[in-house]
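The file start_27.csv comes next; it holds CSV, C-alpha atoms and all ligand atoms.
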chain,number,residue,atom,x,y,z
A,90,MET,CA,0.0,0.0,0.0
A,91,PRO,CA,1.8,3.1,-1.2
A,92,MET,CA,1.6,6.5,0.6
A,93,ARG,CA,-0.5,8.6,-1.7
A,94,CYS,CA,-0.1,12.4,-1.7
A,95,ASP,CA,-1.5,15.4,-3.6
A,96,LEU,CA,0.1,18.7,-3.4
A,97,ILE,CA,-2.0,21.7,-4.3
A,98,THR,CA,0.4,24.6,-5.0
A,99,LEU,CA,0.9,27.8,-7.0
A,100,PHE,CA,4.5,26.7,-7.4
A,101,PRO,CA,4.8,23.2,-8.8
A,102,GLU,CA,8.4,24.0,-9.9
A,103,MET,CA,9.3,24.4,-6.3
A,104,VAL,CA,8.5,20.8,-5.4
A,105,LEU,CA,9.0,18.7,-8.5
A,106,PRO,CA,12.8,18.8,-8.5
A,107,VAL,CA,13.0,17.6,-4.9
A,108,LEU,CA,10.5,14.7,-5.6
A,109,GLY,CA,12.6,13.7,-8.6
A,110,GLN,CA,15.8,13.0,-6.7
A,111,SER,CA,17.3,10.3,-4.5
A,112,ILE,CA,15.1,8.3,-2.1
A,113,LEU,CA,11.9,10.1,-2.8
A,114,LYS,CA,12.4,9.4,-6.5
A,115,ARG,CA,13.2,5.7,-5.9
A,116,ALA,CA,10.3,5.3,-3.5
A,117,GLN,CA,8.0,6.5,-6.4
A,118,GLU,CA,9.7,4.2,-8.9
A,119,LYS,CA,9.2,1.3,-6.5
A,120,GLY,CA,5.5,2.1,-6.2
A,121,LEU,CA,5.8,2.9,-2.5
A,122,LEU,CA,5.1,6.6,-2.8
A,123,GLU,CA,2.8,8.4,-5.2
A,124,VAL,CA,2.8,12.2,-5.4
A,125,ARG,CA,0.7,14.2,-7.7
A,126,VAL,CA,1.3,17.9,-7.9
A,127,ARG,CA,-1.6,20.1,-8.9
A,128,ASN,CA,-1.2,23.7,-10.1
A,129,LEU,CA,-3.7,25.8,-8.2
A,130,ARG,CA,-3.9,28.1,-11.3
A,131,ASP,CA,-5.7,25.2,-13.1
A,132,TYR,CA,-8.6,25.7,-10.6
A,133,THR,CA,-9.1,29.4,-11.3
A,134,LEU,CA,-11.9,30.5,-13.6
A,135,ASP,CA,-10.8,33.9,-14.8
A,136,ARG,CA,-8.8,34.7,-17.8
A,137,HIS,CA,-5.7,35.8,-15.9
A,138,GLN,CA,-5.9,32.7,-13.5
A,139,VAL,CA,-5.6,34.9,-10.4
A,140,ALA,CA,-5.2,32.8,-7.2
A,141,ASP,CA,-4.4,35.6,-4.7
A,142,ASP,CA,-5.8,39.0,-3.9
A,143,ALA,CA,-5.3,42.0,-1.5
A,144,PRO,CA,-6.5,41.4,2.1
A,145,TYR,CA,-9.9,42.8,3.2
A,146,GLY,CA,-9.2,45.5,5.8
A,147,GLY,CA,-6.0,46.5,4.1
A,148,GLY,CA,-2.4,45.8,5.0
A,149,ALA,CA,0.6,44.4,3.3
A,150,GLY,CA,0.9,41.4,1.1
A,151,MET,CA,-1.5,39.1,-0.7
A,152,VAL,CA,-3.9,36.5,0.5
A,153,MET,CA,-4.6,33.2,-1.3
A,154,LYS,CA,-8.2,33.1,-2.6
A,155,ALA,CA,-10.4,30.5,-1.1
A,156,GLU,CA,-12.3,29.4,-4.2
A,157,PRO,CA,-9.5,27.9,-6.3
A,158,ILE,CA,-8.4,25.8,-3.3
A,159,LEU,CA,-12.0,24.7,-2.6
A,160,ARG,CA,-12.4,23.9,-6.3
A,161,ALA,CA,-9.2,21.9,-6.4
A,162,VAL,CA,-10.2,19.8,-3.3
A,163,ASP,CA,-13.6,19.3,-4.8
A,164,ALA,CA,-12.0,18.1,-8.0
A,165,LEU,CA,-9.8,15.6,-6.1
A,166,ARG,CA,-12.8,14.3,-4.2
A,167,ARG,CA,-14.7,13.6,-7.3
A,168,GLU,CA,-11.7,12.2,-9.1
A,169,TYR,CA,-10.8,9.7,-6.4
A,170,HIS,CA,-14.3,8.9,-5.6
A,171,GLU,CA,-14.7,7.7,-9.1
A,172,THR,CA,-11.7,5.5,-9.0
A,173,VAL,CA,-12.0,4.2,-5.4
A,174,PRO,CA,-15.6,4.6,-4.1
A,175,GLY,CA,-15.6,5.4,-0.4
A,176,SER,CA,-12.0,6.4,-0.3
A,177,SER,CA,-11.4,9.6,1.5
A,178,LEU,CA,-8.9,12.4,1.8
A,179,ARG,CA,-6.9,13.6,4.7
A,180,LEU,CA,-6.4,17.3,4.3
A,181,LEU,CA,-3.2,18.8,5.6
A,182,LEU,CA,-2.5,22.5,5.9
A,183,PRO,CA,1.2,23.3,6.5
A,184,SER,CA,1.1,26.2,8.9
A,185,PRO,CA,3.1,27.5,11.9
A,186,GLN,CA,-0.1,27.4,13.8
A,187,GLY,CA,-0.4,23.6,13.5
A,188,ARG,CA,0.5,20.7,15.7
A,189,SER,CA,4.2,19.9,15.6
A,190,LEU,CA,5.6,17.4,13.1
A,191,THR,CA,7.2,14.6,15.2
A,192,GLN,CA,8.6,11.2,14.4
A,193,HIS,CA,5.3,9.8,15.8
A,194,LEU,CA,3.2,11.9,13.3
A,195,ALA,CA,5.6,11.0,10.5
A,196,GLU,CA,5.1,7.3,11.2
A,197,GLU,CA,1.3,7.7,11.4
A,198,LEU,CA,1.3,9.5,8.0
A,199,GLY,CA,3.5,6.8,6.5
A,200,ARG,CA,0.8,4.2,7.4
A,201,GLU,CA,-2.2,6.4,6.4
A,202,ARG,CA,-4.4,4.7,3.8
A,203,ARG,CA,-6.3,7.8,2.8
A,204,ARG,CA,-4.7,10.2,0.3
A,205,LEU,CA,-2.8,13.0,2.0
A,206,VAL,CA,-3.7,16.3,0.4
A,207,PHE,CA,-1.3,19.2,1.2
A,208,LEU,CA,-2.8,22.6,0.8
A,209,CYS,CA,0.2,24.8,0.3
A,210,GLY,CA,-0.4,28.4,1.2
A,211,HIS,CA,1.9,31.2,0.1
A,212,TYR,CA,2.3,34.9,0.8
A,213,GLU,CA,0.5,36.3,3.9
A,214,GLY,CA,-1.8,33.4,4.2
A,215,ILE,CA,-5.0,31.7,3.0
A,216,ASP,CA,-8.5,33.1,3.1
A,217,GLU,CA,-9.9,31.9,6.5
A,218,ARG,CA,-12.8,30.3,4.7
A,219,VAL,CA,-10.6,27.5,3.5
A,220,ARG,CA,-10.2,26.5,7.2
A,221,LEU,CA,-13.8,27.0,7.9
A,222,ALA,CA,-15.0,25.0,4.9
A,223,LEU,CA,-12.5,22.2,4.9
A,224,ASP,CA,-11.3,22.0,8.5
A,225,PRO,CA,-7.8,20.7,7.4
A,226,GLU,CA,-5.3,19.4,9.9
A,227,GLU,CA,-2.7,22.1,10.4
A,228,VAL,CA,0.9,20.8,10.8
A,229,SER,CA,3.9,22.9,11.7
A,230,ILE,CA,7.5,22.0,11.1
A,231,GLY,CA,8.9,24.4,13.8
A,232,ASP,CA,8.6,27.8,15.4
A,233,TYR,CA,9.7,30.0,12.6
A,234,VAL,CA,8.0,31.5,9.6
A,235,LEU,CA,8.5,30.3,6.0
A,236,THR,CA,7.3,31.8,2.7
A,237,GLY,CA,4.9,29.0,2.0
A,238,GLY,CA,3.7,25.5,2.7
A,239,GLU,CA,5.7,23.9,-0.1
A,240,LEU,CA,8.9,23.3,1.8
A,241,PRO,CA,7.1,22.0,4.9
A,242,ALA,CA,5.0,19.7,2.7
A,243,LEU,CA,8.2,18.2,1.3
A,244,VAL,CA,9.6,17.9,4.8
A,245,ILE,CA,6.6,16.0,6.0
A,246,ILE,CA,6.5,13.7,2.9
A,247,ASP,CA,10.3,13.0,3.3
A,248,ALA,CA,10.0,12.2,7.0
A,249,ALA,CA,7.0,9.8,6.4
A,250,THR,CA,8.4,8.2,3.2
A,251,ARG,CA,11.6,7.0,4.7
A,252,LEU,CA,9.6,5.0,7.3
A,253,ILE,CA,7.6,3.1,4.7
A,254,PRO,CA,8.8,-0.5,4.7
A,255,GLY,CA,11.0,-1.1,1.6
A,256,VAL,CA,11.9,2.5,1.0
A,257,LEU,CA,15.3,2.3,2.6
A,258,GLY,CA,17.4,-0.6,1.4
A,259,ASP,CA,18.1,-2.0,4.8
A,260,PRO,CA,15.0,-2.3,7.0
A,261,GLU,CA,17.3,-1.7,10.0
A,262,SER,CA,18.3,1.8,8.9
A,263,ALA,CA,14.9,3.4,9.4
A,264,ARG,CA,14.7,2.0,12.9
A,265,ALA,CA,18.2,2.5,14.1
A,266,GLU,CA,18.5,6.2,13.1
A,267,SER,CA,17.8,9.3,15.0
A,268,PHE,CA,14.6,9.6,17.0
A,269,ALA,CA,13.2,6.2,15.9
A,270,ASP,CA,13.7,5.2,19.5
A,271,LEU,CA,14.3,8.8,20.4
A,272,LEU,CA,18.1,8.6,20.7
A,273,LEU,CA,20.5,10.6,18.5
A,274,ASP,CA,22.7,8.7,16.1
A,275,PHE,CA,26.1,7.1,17.0
A,276,PRO,CA,29.0,8.4,14.9
A,277,GLN,CA,29.6,6.8,11.5
A,278,TYR,CA,32.9,6.3,9.7
A,279,THR,CA,33.8,5.1,6.2
A,280,ARG,CA,37.1,4.7,4.3
A,281,PRO,CA,39.9,5.6,4.4
A,282,PRO,CA,41.1,4.6,7.9
A,283,GLU,CA,42.7,8.0,8.5
A,284,VAL,CA,41.7,11.5,7.4
A,285,GLN,CA,43.9,14.5,8.4
A,286,GLY,CA,45.5,12.5,11.2
A,287,LEU,CA,42.1,11.4,12.5
A,288,ALA,CA,41.7,7.6,12.9
A,289,VAL,CA,38.6,5.5,12.8
A,290,PRO,CA,37.9,4.1,16.3
A,291,GLU,CA,39.6,0.7,16.5
A,292,VAL,CA,36.6,-1.1,17.8
A,293,LEU,CA,34.8,-0.5,14.4
A,294,LEU,CA,37.7,-2.4,12.6
A,295,SER,CA,37.6,-5.3,15.1
A,296,GLY,CA,34.9,-7.3,13.5
A,297,ASP,CA,33.5,-8.0,17.0
A,298,HIS,CA,29.8,-7.4,16.4
A,299,GLU,CA,28.8,-7.4,20.1
A,300,THR,CA,31.5,-5.0,21.1
A,301,ILE,CA,30.6,-2.8,18.2
A,302,ARG,CA,26.9,-2.9,19.1
A,303,LEU,CA,27.7,-1.8,22.7
A,304,TRP,CA,30.1,0.9,21.5
A,305,ARG,CA,27.4,2.3,19.2
A,306,ARG,CA,24.7,2.2,21.8
A,307,LYS,CA,27.0,4.0,24.2
A,308,GLU,CA,27.9,6.7,21.7
A,309,ALA,CA,24.3,7.2,20.9
A,310,LEU,CA,23.5,7.6,24.6
A,311,ARG,CA,26.5,9.9,25.0
A,312,SER,CA,25.5,12.1,22.1
A,313,THR,CA,22.0,12.3,23.4
A,314,TYR,CA,23.1,13.0,27.0
A,315,LEU,CA,25.4,15.8,25.8
A,316,LYS,CA,23.3,17.4,23.0
A,317,ARG,CA,19.7,16.6,23.8
A,318,PRO,CA,19.4,15.6,27.5
A,319,ASP,CA,15.7,16.4,27.3
A,320,LEU,CA,15.2,13.2,25.2
A,321,LEU,CA,16.6,11.1,28.1
A,322,ARG,CA,14.7,12.8,30.9
A,323,ASP,CA,11.5,10.9,30.9
A,324,ARG,CA,12.7,7.7,29.3
A,325,LEU,CA,12.8,4.3,30.9
A,326,LEU,CA,16.3,2.9,30.4
A,327,ASN,CA,17.0,-0.8,30.5
A,328,GLU,CA,19.8,-2.3,32.6
A,329,GLU,CA,22.3,-2.1,29.7
A,330,ASP,CA,21.5,1.5,28.9
A,331,ARG,CA,21.7,2.5,32.5
A,332,ARG,CA,25.1,1.0,32.9
A,333,LEU,CA,26.4,2.7,29.7
A,334,LEU,CA,24.9,6.0,30.8
A,335,ASP,CA,26.5,5.7,34.3
A,336,ASP,CA,29.9,5.2,32.5
A,337,ILE,CA,29.3,8.2,30.3
A,338,VAL,CA,28.4,10.4,33.3
A,339,ARG,CA,31.4,9.2,35.2
A,340,GLU,CA,33.6,9.9,32.1
A,341,GLY,CA,32.4,13.5,32.0
A,342,ALA,CA,31.7,15.7,29.0
A,343,ARG,CA,34.5,15.1,26.7
A,344,GLY,CA,32.8,15.1,23.3
A,345,THR,CA,31.5,12.3,21.2
A,346,SER,CA,34.7,10.9,19.7
A,347,VAL,CA,36.1,8.3,22.0
A,348,LYS,CA,39.6,7.2,21.5
A,349,CYS,CA,40.1,3.5,21.4
A,350,GLY,CA,41.6,1.8,24.4
A,351,GLU,CA,39.7,4.2,26.6
A,352,GLU,CA,36.7,1.9,26.6
A,353,GLY,CA,36.0,-0.5,29.6
B,401,LIG,CL1,4.2,24.0,8.2
B,401,LIG,N1,4.2,26.4,7.0
B,401,LIG,C1,4.6,27.6,6.9
B,401,LIG,N2,4.1,28.4,5.9
B,401,LIG,N3,5.5,28.2,7.7
B,401,LIG,C2,5.9,27.4,8.7
B,401,LIG,C3,5.6,26.1,8.9
B,401,LIG,C4,4.7,25.6,8.0
B,401,LIG,N4,6.2,25.5,9.9
B,401,LIG,C5,7.0,26.5,10.4
B,401,LIG,N5,6.8,27.6,9.7
Translate the structure described by the file into structure tokens.
Ligand code: 6GU
Amino acid sequence: MPMRCDLITLFPEMVLPVLGQSILKRAQEKGLLEVRVRNLRDYTLDRHQVADDAPYGGGAGMVMKAEPILRAVDALRREYHETVPGSSLRLLLPSPQGRSLTQHLAEELGRERRRLVFLCGHYEGIDERVRLALDPEEVSIGDYVLTGGELPALVIIDAATRLIPGVLGDPESARAESFADLLLDFPQYTRPPEVQGLAVPEVLLSGDHETIRLWRRKEALRSTYLKRPDLLRDRLLNEEDRRLLDDIVREGARGTSVKCGEEG
């Protein structure tokens, strides 16, 4: 079951190149992700295809008109109702006023069977009647202001797509990485064995899988303890994690790169 998305935007050219690269591209080729990008201008009725206008009450900037967006959603409903009777849409409105995007929400969206329809606003905002008429779910990607919903929509799609089984080559990688169990990543190294006098920790060359597993777990805990202690605060640690963390605290804050021979 692929994750199905529709992006409604005034700027298709802002999102298409991103969807055509790397893992998002491969996920689509594998049939695990489907993204359709709709140009909002196609849902205007006037000769000049105007999708924005000055705000009532005055003030700077432009406001996205409600009707083209409502018409676009209406067209999607009809279109998908024809192909899959009873299928419904999950309307998402990227907005700094929304609930925060978390790993938990990304997982949920990756499993969603309904189509995800992203209503991408731009400029000073969207006519409030879009919210009143459609009651979309507002999702924020952080406490800062962006120029539009296109980049957040891509961020949300990216975060959800990499969690779909089969998207990443190794099923371990989605799980082991940052935040999957709410720990930061352990440090990674690749060839050559030395770069500007900096060596690869010897344990990683040892071939001893259990020792490597413990080292990585410890470094993930260390990185989290040093950089994001809030992630450890209300977390139940198992016996092994507690022992590793005790070691880390005793060793003191001395960065994430641990020289070999200093272990145990
Ligand atoms: Cl989701 N949209 C917009 N337009 N700005 C944002 C945002 C979303 N999240 C943070 N800033």
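Computed from the coordinates, the CA of Arg306 (chain A) to CA of Leu252 (chain A) distance equals 21.1 Å.
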Contacts of ligand LIG 401 (chain B), 12 Å or closer, only C-alpha atoms and all ligand atoms, given as a PyMOL selection string: chain A and resi 181-190+207-215+226-246
Distance query region 316-321 of chain A at most 9 Å, all atoms listed in the file, self and fewer than 6 positions along chain excluded, as number ranges by chain: A: 268, 271-273, 310
Between CA of Leu221 (chain A) and CA of Arg166 (chain A), distance in Å (one decimal): 17.6 Å
Point (-5.9, 31.4, -9.8) neighbourhood (12 Å, all atoms listed in the file) written as number ranges by chain: A: 97-100, 128-142, 152-161
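With only C-alpha atoms as the atoms that count, the minimum distance from Val173 (chain A) to the choices A:Gly148, A:Arg203, A:His298, A:Gln192 is reached by A:Arg203.
In this comparison, which uses only C-alpha atoms, the residue of A:Glu102, A:Asp95, A:Glu123, A:Asp336 approaching Trp304 (chain A) most closely is A:Asp336.
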Atom pair CA of Val256 (chain A) / CA of Arg179 (chain A): separation (Å): 22.1 Å
Surrounding residues of Arg311 (chain A) excluding itself and chain neighbours under 3 positions, 8 Å, all atoms listed in the file, as a PyMOL selection string: chain A and resi 307-308+314-315+334+337+345
